[in-house]
$ cat final.pdb   # PDB, C-alpha atoms, pLDDT in the B column
ATOM      1  CA  MET C   1     188.792  31.560  85.071  1.00 56.00           C
ATOM      2  CA  ASN C   2     188.856  35.259  86.031  1.00 79.00           C
ATOM      3  CA  ALA C   3     187.840  36.339  82.520  1.00 78.00           C
ATOM      4  CA  HIS C   4     184.822  34.025  82.736  1.00 75.00           C
ATOM      5  CA  ILE C   5     183.849  35.402  86.140  1.00 76.00           C
ATOM      6  CA  ASP C   6     184.247  38.981  84.903  1.00 86.00           C
ATOM      7  CA  GLN C   7     182.113  38.213  81.841  1.00 91.00           C
ATOM      8  CA  THR C   8     179.406  36.671  84.020  1.00 90.00           C
ATOM      9  CA  ARG C   9     179.441  39.694  86.356  1.00 91.00           C
ATOM     10  CA  LYS C  10     179.071  42.042  83.388  1.00 93.00           C
ATOM     11  CA  ARG C  11     176.141  40.039  82.044  1.00 95.00           C
ATOM     12  CA  VAL C  12     174.434  39.999  85.438  1.00 94.00           C
ATOM     13  CA  GLN C  13     174.913  43.752  85.776  1.00 95.00           C
ATOM     14  CA  LEU C  14     173.556  44.343  82.270  1.00 96.00           C
ATOM     15  CA  LEU C  15     170.466  42.284  83.029  1.00 96.00           C
ATOM     16  CA  ALA C  16     169.980  43.984  86.383  1.00 96.00           C
ATOM     17  CA  TYR C  17     170.241  47.498  85.002  1.00 98.00           C
ATOM     18  CA  ALA C  18     168.056  46.593  82.015  1.00 98.00           C
ATOM     19  CA  GLY C  19     165.454  45.587  84.590  1.00 97.00           C
ATOM     20  CA  LEU C  20     165.147  49.263  85.502  1.00 98.00           C
ATOM     21  CA  THR C  21     163.729  50.066  82.059  1.00 98.00           C
ATOM     22  CA  PRO C  22     160.104  49.255  82.990  1.00 98.00           C
ATOM     23  CA  PHE C  23     160.423  51.232  86.237  1.00 98.00           C
ATOM     24  CA  VAL C  24     161.746  54.371  84.579  1.00 98.00           C
ATOM     25  CA  GLY C  25     159.738  53.998  81.377  1.00 98.00           C
ATOM     26  CA  LEU C  26     156.392  53.487  83.084  1.00 98.00           C
ATOM     27  CA  ALA C  27     157.027  56.265  85.625  1.00 98.00           C
ATOM     28  CA  VAL C  28     157.810  58.699  82.796  1.00 98.00           C
ATOM     29  CA  LEU C  29     154.860  57.421  80.788  1.00 98.00           C
ATOM     30  CA  LEU C  30     152.526  58.262  83.672  1.00 97.00           C
ATOM     31  CA  TRP C  31     153.521  61.903  83.221  1.00 97.00           C
ATOM     32  CA  LEU C  32     152.967  61.803  79.462  1.00 97.00           C
ATOM     33  CA  VAL C  33     149.723  59.895  78.879  1.00 96.00           C
ATOM     34  CA  ASP C  34     146.188  61.225  79.147  1.00 96.00           C
ATOM     35  CA  ALA C  35     144.489  60.820  82.501  1.00 93.00           C
ATOM     36  CA  ASP C  36     142.195  58.097  81.167  1.00 95.00           C
ATOM     37  CA  LEU C  37     145.259  55.859  80.619  1.00 96.00           C
ATOM     38  CA  HIS C  38     146.721  56.470  84.086  1.00 94.00           C
ATOM     39  CA  PRO C  39     145.025  53.464  85.730  1.00 96.00           C
ATOM     40  CA  PHE C  40     146.509  51.059  83.181  1.00 97.00           C
ATOM     41  CA  VAL C  41     150.019  52.477  83.277  1.00 98.00           C
ATOM     42  CA  ALA C  42     149.936  52.778  87.077  1.00 97.00           C
ATOM     43  CA  LEU C  43     148.821  49.160  87.372  1.00 97.00           C
ATOM     44  CA  ALA C  44     151.651  48.098  85.075  1.00 98.00           C
ATOM     45  CA  LEU C  45     154.192  49.982  87.207  1.00 98.00           C
ATOM     46  CA  THR C  46     152.746  48.669  90.462  1.00 98.00           C
ATOM     47  CA  GLY C  47     152.620  45.132  89.094  1.00 98.00           C
ATOM     48  CA  TYR C  48     156.209  45.278  87.900  1.00 98.00           C
ATOM     49  CA  GLY C  49     157.329  46.691  91.246  1.00 98.00           C
ATOM     50  CA  ALA C  50     155.523  43.878  93.052  1.00 98.00           C
ATOM     51  CA  VAL C  51     157.179  41.256  90.841  1.00 98.00           C
ATOM     52  CA  ILE C  52     160.634  42.722  91.486  1.00 98.00           C
ATOM     53  CA  VAL C  53     160.036  42.925  95.235  1.00 98.00           C
ATOM     54  CA  SER C  54     158.970  39.270  95.188  1.00 97.00           C
ATOM     55  CA  PHE C  55     162.135  38.418  93.243  1.00 97.00           C
ATOM     56  CA  LEU C  56     164.229  40.169  95.908  1.00 97.00           C
ATOM     57  CA  GLY C  57     162.615  38.003  98.558  1.00 96.00           C
ATOM     58  CA  GLY C  58     163.233  34.886  96.496  1.00 95.00           C
ATOM     59  CA  ILE C  59     166.957  35.551  96.499  1.00 95.00           C
ATOM     60  CA  HIS C  60     166.873  34.812 100.217  1.00 94.00           C
ATOM     61  CA  TRP C  61     165.449  31.361  99.564  1.00 93.00           C
ATOM     62  CA  GLY C  62     168.466  30.717  97.337  1.00 92.00           C
ATOM     63  CA  ILE C  63     170.782  31.907 100.087  1.00 91.00           C
ATOM     64  CA  GLY C  64     168.889  29.743 102.577  1.00 91.00           C
ATOM     65  CA  PHE C  65     169.167  26.632 100.417  1.00 89.00           C
ATOM     66  CA  ARG C  66     172.877  27.293  99.910  1.00 87.00           C
ATOM     67  CA  ASN C  67     173.310  27.681 103.674  1.00 83.00           C
ATOM     68  CA  ALA C  68     171.312  24.500 104.305  1.00 82.00           C
ATOM     69  CA  ALA C  69     173.624  22.560 101.974  1.00 79.00           C
ATOM     70  CA  ARG C  70     176.696  23.843 103.827  1.00 79.00           C
ATOM     71  CA  MET C  71     175.504  23.366 107.394  1.00 72.00           C
ATOM     72  CA  HIS C  72     173.088  21.025 109.087  1.00 66.00           C
ATOM     73  CA  ASN C  73     171.286  23.751 111.003  1.00 67.00           C
ATOM     74  CA  ALA C  74     170.840  26.602 108.515  1.00 67.00           C
ATOM     75  CA  PRO C  75     169.272  29.803 109.874  1.00 77.00           C
ATOM     76  CA  LEU C  76     165.532  29.997 109.254  1.00 88.00           C
ATOM     77  CA  PHE C  77     165.748  33.757 108.692  1.00 91.00           C
ATOM     78  CA  ASN C  78     166.344  33.532 104.937  1.00 91.00           C
ATOM     79  CA  PHE C  79     163.245  31.435 104.362  1.00 93.00           C
ATOM     80  CA  VAL C  80     161.027  33.540 106.622  1.00 94.00           C
ATOM     81  CA  TRP C  81     162.251  36.857 105.237  1.00 95.00           C
ATOM     82  CA  GLY C  82     162.018  35.473 101.704  1.00 95.00           C
ATOM     83  CA  VAL C  83     158.203  35.520 101.812  1.00 96.00           C
ATOM     84  CA  VAL C  84     157.801  38.885 103.563  1.00 97.00           C
ATOM     85  CA  PRO C  85     158.491  41.080 100.495  1.00 98.00           C
ATOM     86  CA  SER C  86     155.903  39.134  98.468  1.00 97.00           C
ATOM     87  CA  LEU C  87     153.271  39.589 101.159  1.00 97.00           C
ATOM     88  CA  LEU C  88     153.997  43.300 101.436  1.00 97.00           C
ATOM     89  CA  ALA C  89     153.953  43.671  97.637  1.00 98.00           C
ATOM     90  CA  TRP C  90     150.590  41.927  97.543  1.00 97.00           C
ATOM     91  CA  ILE C  91     149.237  44.612  99.877  1.00 97.00           C
ATOM     92  CA  ALA C  92     150.783  47.359  97.720  1.00 97.00           C
ATOM     93  CA  ILE C  93     149.282  46.018  94.510  1.00 97.00           C
ATOM     94  CA  SER C  94     145.867  45.852  96.184  1.00 97.00           C
ATOM     95  CA  MET C  95     145.952  49.572  96.945  1.00 97.00           C
ATOM     96  CA  PRO C  96     145.309  52.538  94.656  1.00 96.00           C
ATOM     97  CA  ALA C  97     148.519  53.527  92.838  1.00 96.00           C
ATOM     98  CA  TYR C  98     148.923  56.798  94.756  1.00 96.00           C
ATOM     99  CA  ALA C  99     149.321  54.696  97.929  1.00 98.00           C
ATOM    100  CA  GLY C 100     150.673  51.397  96.582  1.00 98.00           C
ATOM    101  CA  LEU C 101     153.590  52.882  94.667  1.00 98.00           C
ATOM    102  CA  PRO C 102     155.020  54.751  97.686  1.00 98.00           C
ATOM    103  CA  LEU C 103     154.580  51.560  99.724  1.00 98.00           C
ATOM    104  CA  LEU C 104     156.594  49.678  97.083  1.00 98.00           C
ATOM    105  CA  ALA C 105     159.313  52.338  97.346  1.00 98.00           C
ATOM    106  CA  VAL C 106     159.464  51.738 101.099  1.00 98.00           C
ATOM    107  CA  ILE C 107     159.516  47.957 100.614  1.00 98.00           C
ATOM    108  CA  LEU C 108     162.367  48.281  98.107  1.00 98.00           C
ATOM    109  CA  GLY C 109     164.319  50.274 100.704  1.00 98.00           C
ATOM    110  CA  LEU C 110     163.505  47.729 103.386  1.00 98.00           C
ATOM    111  CA  CYS C 111     164.689  44.900 101.121  1.00 98.00           C
ATOM    112  CA  TYR C 112     167.963  46.714 100.566  1.00 98.00           C
ATOM    113  CA  ALA C 113     168.413  47.284 104.312  1.00 97.00           C
ATOM    114  CA  VAL C 114     167.922  43.580 104.993  1.00 97.00           C
ATOM    115  CA  ASP C 115     170.176  42.655 102.067  1.00 96.00           C
ATOM    116  CA  ARG C 116     173.009  44.795 103.441  1.00 96.00           C
ATOM    117  CA  LYS C 117     173.239  42.436 106.406  1.00 93.00           C
ATOM    118  CA  ALA C 118     172.272  39.204 104.658  1.00 92.00           C
ATOM    119  CA  TYR C 119     174.629  39.723 101.693  1.00 93.00           C
ATOM    120  CA  LEU C 120     177.540  40.299 104.079  1.00 92.00           C
ATOM    121  CA  GLU C 121     176.741  37.089 105.936  1.00 88.00           C
ATOM    122  CA  ALA C 122     176.446  35.210 102.605  1.00 89.00           C
ATOM    123  CA  ASN C 123     179.705  36.728 101.297  1.00 91.00           C
ATOM    124  CA  LEU C 124     177.838  38.556  98.515  1.00 93.00           C
ATOM    125  CA  GLN C 125     178.868  42.083  99.527  1.00 94.00           C
ATOM    126  CA  GLU C 126     180.401  42.783  96.111  1.00 94.00           C
ATOM    127  CA  TRP C 127     176.845  43.097  94.755  1.00 95.00           C
ATOM    128  CA  LEU C 128     175.719  45.693  97.303  1.00 97.00           C
ATOM    129  CA  PRO C 129     176.781  48.805  95.322  1.00 97.00           C
ATOM    130  CA  MET C 130     174.739  47.595  92.351  1.00 97.00           C
ATOM    131  CA  ARG C 131     171.823  46.717  94.651  1.00 97.00           C
ATOM    132  CA  LEU C 132     171.912  50.235  96.066  1.00 98.00           C
ATOM    133  CA  ASN C 133     171.835  51.802  92.596  1.00 98.00           C
ATOM    134  CA  LEU C 134     168.980  49.558  91.508  1.00 98.00           C
ATOM    135  CA  THR C 135     167.038  50.247  94.686  1.00 98.00           C
ATOM    136  CA  VAL C 136     167.401  54.021  94.417  1.00 98.00           C
ATOM    137  CA  VAL C 137     166.269  54.160  90.785  1.00 98.00           C
ATOM    138  CA  ALA C 138     163.397  51.703  91.308  1.00 98.00           C
ATOM    139  CA  ALA C 139     162.157  53.464  94.461  1.00 98.00           C
ATOM    140  CA  LEU C 140     162.394  56.916  92.869  1.00 98.00           C
ATOM    141  CA  SER C 141     160.507  55.603  89.847  1.00 98.00           C
ATOM    142  CA  CYS C 142     157.727  54.373  92.113  1.00 98.00           C
ATOM    143  CA  LEU C 143     157.570  57.725  93.897  1.00 98.00           C
ATOM    144  CA  MET C 144     157.657  59.608  90.590  1.00 98.00           C
ATOM    145  CA  GLY C 145     154.839  57.416  89.289  1.00 98.00           C
ATOM    146  CA  ALA C 146     152.788  57.972  92.430  1.00 98.00           C
ATOM    147  CA  ALA C 147     153.214  61.747  92.088  1.00 97.00           C
ATOM    148  CA  ALA C 148     151.776  61.551  88.564  1.00 96.00           C
ATOM    149  CA  THR C 149     148.609  59.732  89.649  1.00 91.00           C
TER     150      THR C 149
END

$ encode --input "final.pdb" --output "structure tokens"
Amino acid sequence: MNAHIDQTRKRVQLLAYAGLTPFVGLAVLLWLVDADLHPFVALALTGYGAVIVSFLGGIHWGIGFRNAARMHNAPLFNFVWGVVPSLLAWIAISMPAYAGLPLLAVILGLCYAVDRKAYLEANLQEWLPMRLNLTVVAALSCLMGAAAT
């Protein structure tokens, strides 16, 4: 049983860290491409950031459904918070990249701050070190991309 759990954890970590590839790759690409390609690459980075932020909110729906199955009066917080990152990302993607990408960096940090508390309450604290690493790289990629625009 433990070997299976360890294997699953390794696969999840591999997938999670592989998910940083578009962040880092697109941020670097913004520094390398001609200015006429900046809008396309910046939109790709902003769009990917918005998708990931929405995914982070969706995790809270999963936690909320799990809590609802375990108790009759599950806290509403997970469901309410679960939509907030998507709404904020929608604003970020509607802005020019020089403003939207820094906003996504802030939203990523905000998601991590909320997750620090929510993951503890959901007994998911073992994932927090990875979440911190992912958040730092993703947020720095957004800021690096914004600086190139």

$ residues_around --input "final.pdb" --residues "Leu43 of chain C" --least-positions-apart "4" --cutoff "9 Å" --atoms "all atoms listed in the file" --output "list in words"
His38, Pro39, Gly47, Tyr48, Ile93, Pro96 and Ala97 of chain C

$ closest_residue --input "final.pdb" --among "C:Val84, C:Ala69, C:Ala148, C:Leu56" --to "Asp34 of chain C" --atoms "all atoms listed in the file"
C:Ala148

$ resolve_selection --input "final.pdb" --expression "the PyMOL selection byres ((chain C and resi 57-60) around 9)" --output "list of chain:residue names"
C:Ile52, C:Val53, C:Ser54, C:Phe55, C:Leu56, C:Trp61, C:Gly62, C:Ile63, C:Gly64, C:Phe65, C:Phe77, C:Asn78, C:Phe79, C:Val80, C:Trp81, C:Gly82, C:Val83, C:Val84, C:Pro85, C:Ser86, C:Cys111, C:Asp115, C:Ala118

$ residues_around --input "final.pdb" --residues "Leu143 of chain C" --least-positions-apart "5" --cutoff "8 Å" --atoms "only C-alpha atoms" --output "MDAnalysis selection string"
chainID C and resid 101:102 105

$ write_last_selection --input "final.pdb" --atoms "C-alpha atoms" --output "PDB file, in the frame of the given file"
ATOM      1  CA  LEU C 101     153.590  52.882  94.667  1.00 98.00           C
ATOM      2  CA  PRO C 102     155.020  54.751  97.686  1.00 98.00           C
ATOM      3  CA  ALA C 105     159.313  52.338  97.346  1.00 98.00           C
TER       4      ALA C 105
END

$ residues_around --input "final.pdb" --residues "segment 140-142 of chain C" --least-positions-apart "6" --cutoff "12 Å" --atoms "only C-alpha atoms" --output "PyMOL selection string"
chain C and resi 20-31+41-50+92+97-109+133-134+148-149

$ resolve_selection --input "final.pdb" --expression "the PyMOL selection byres ((chain C and resi 126-131) around 9)" --output "PyMOL selection string"
chain C and resi 13+16-17+112+115-116+119-120+123-125+132-136
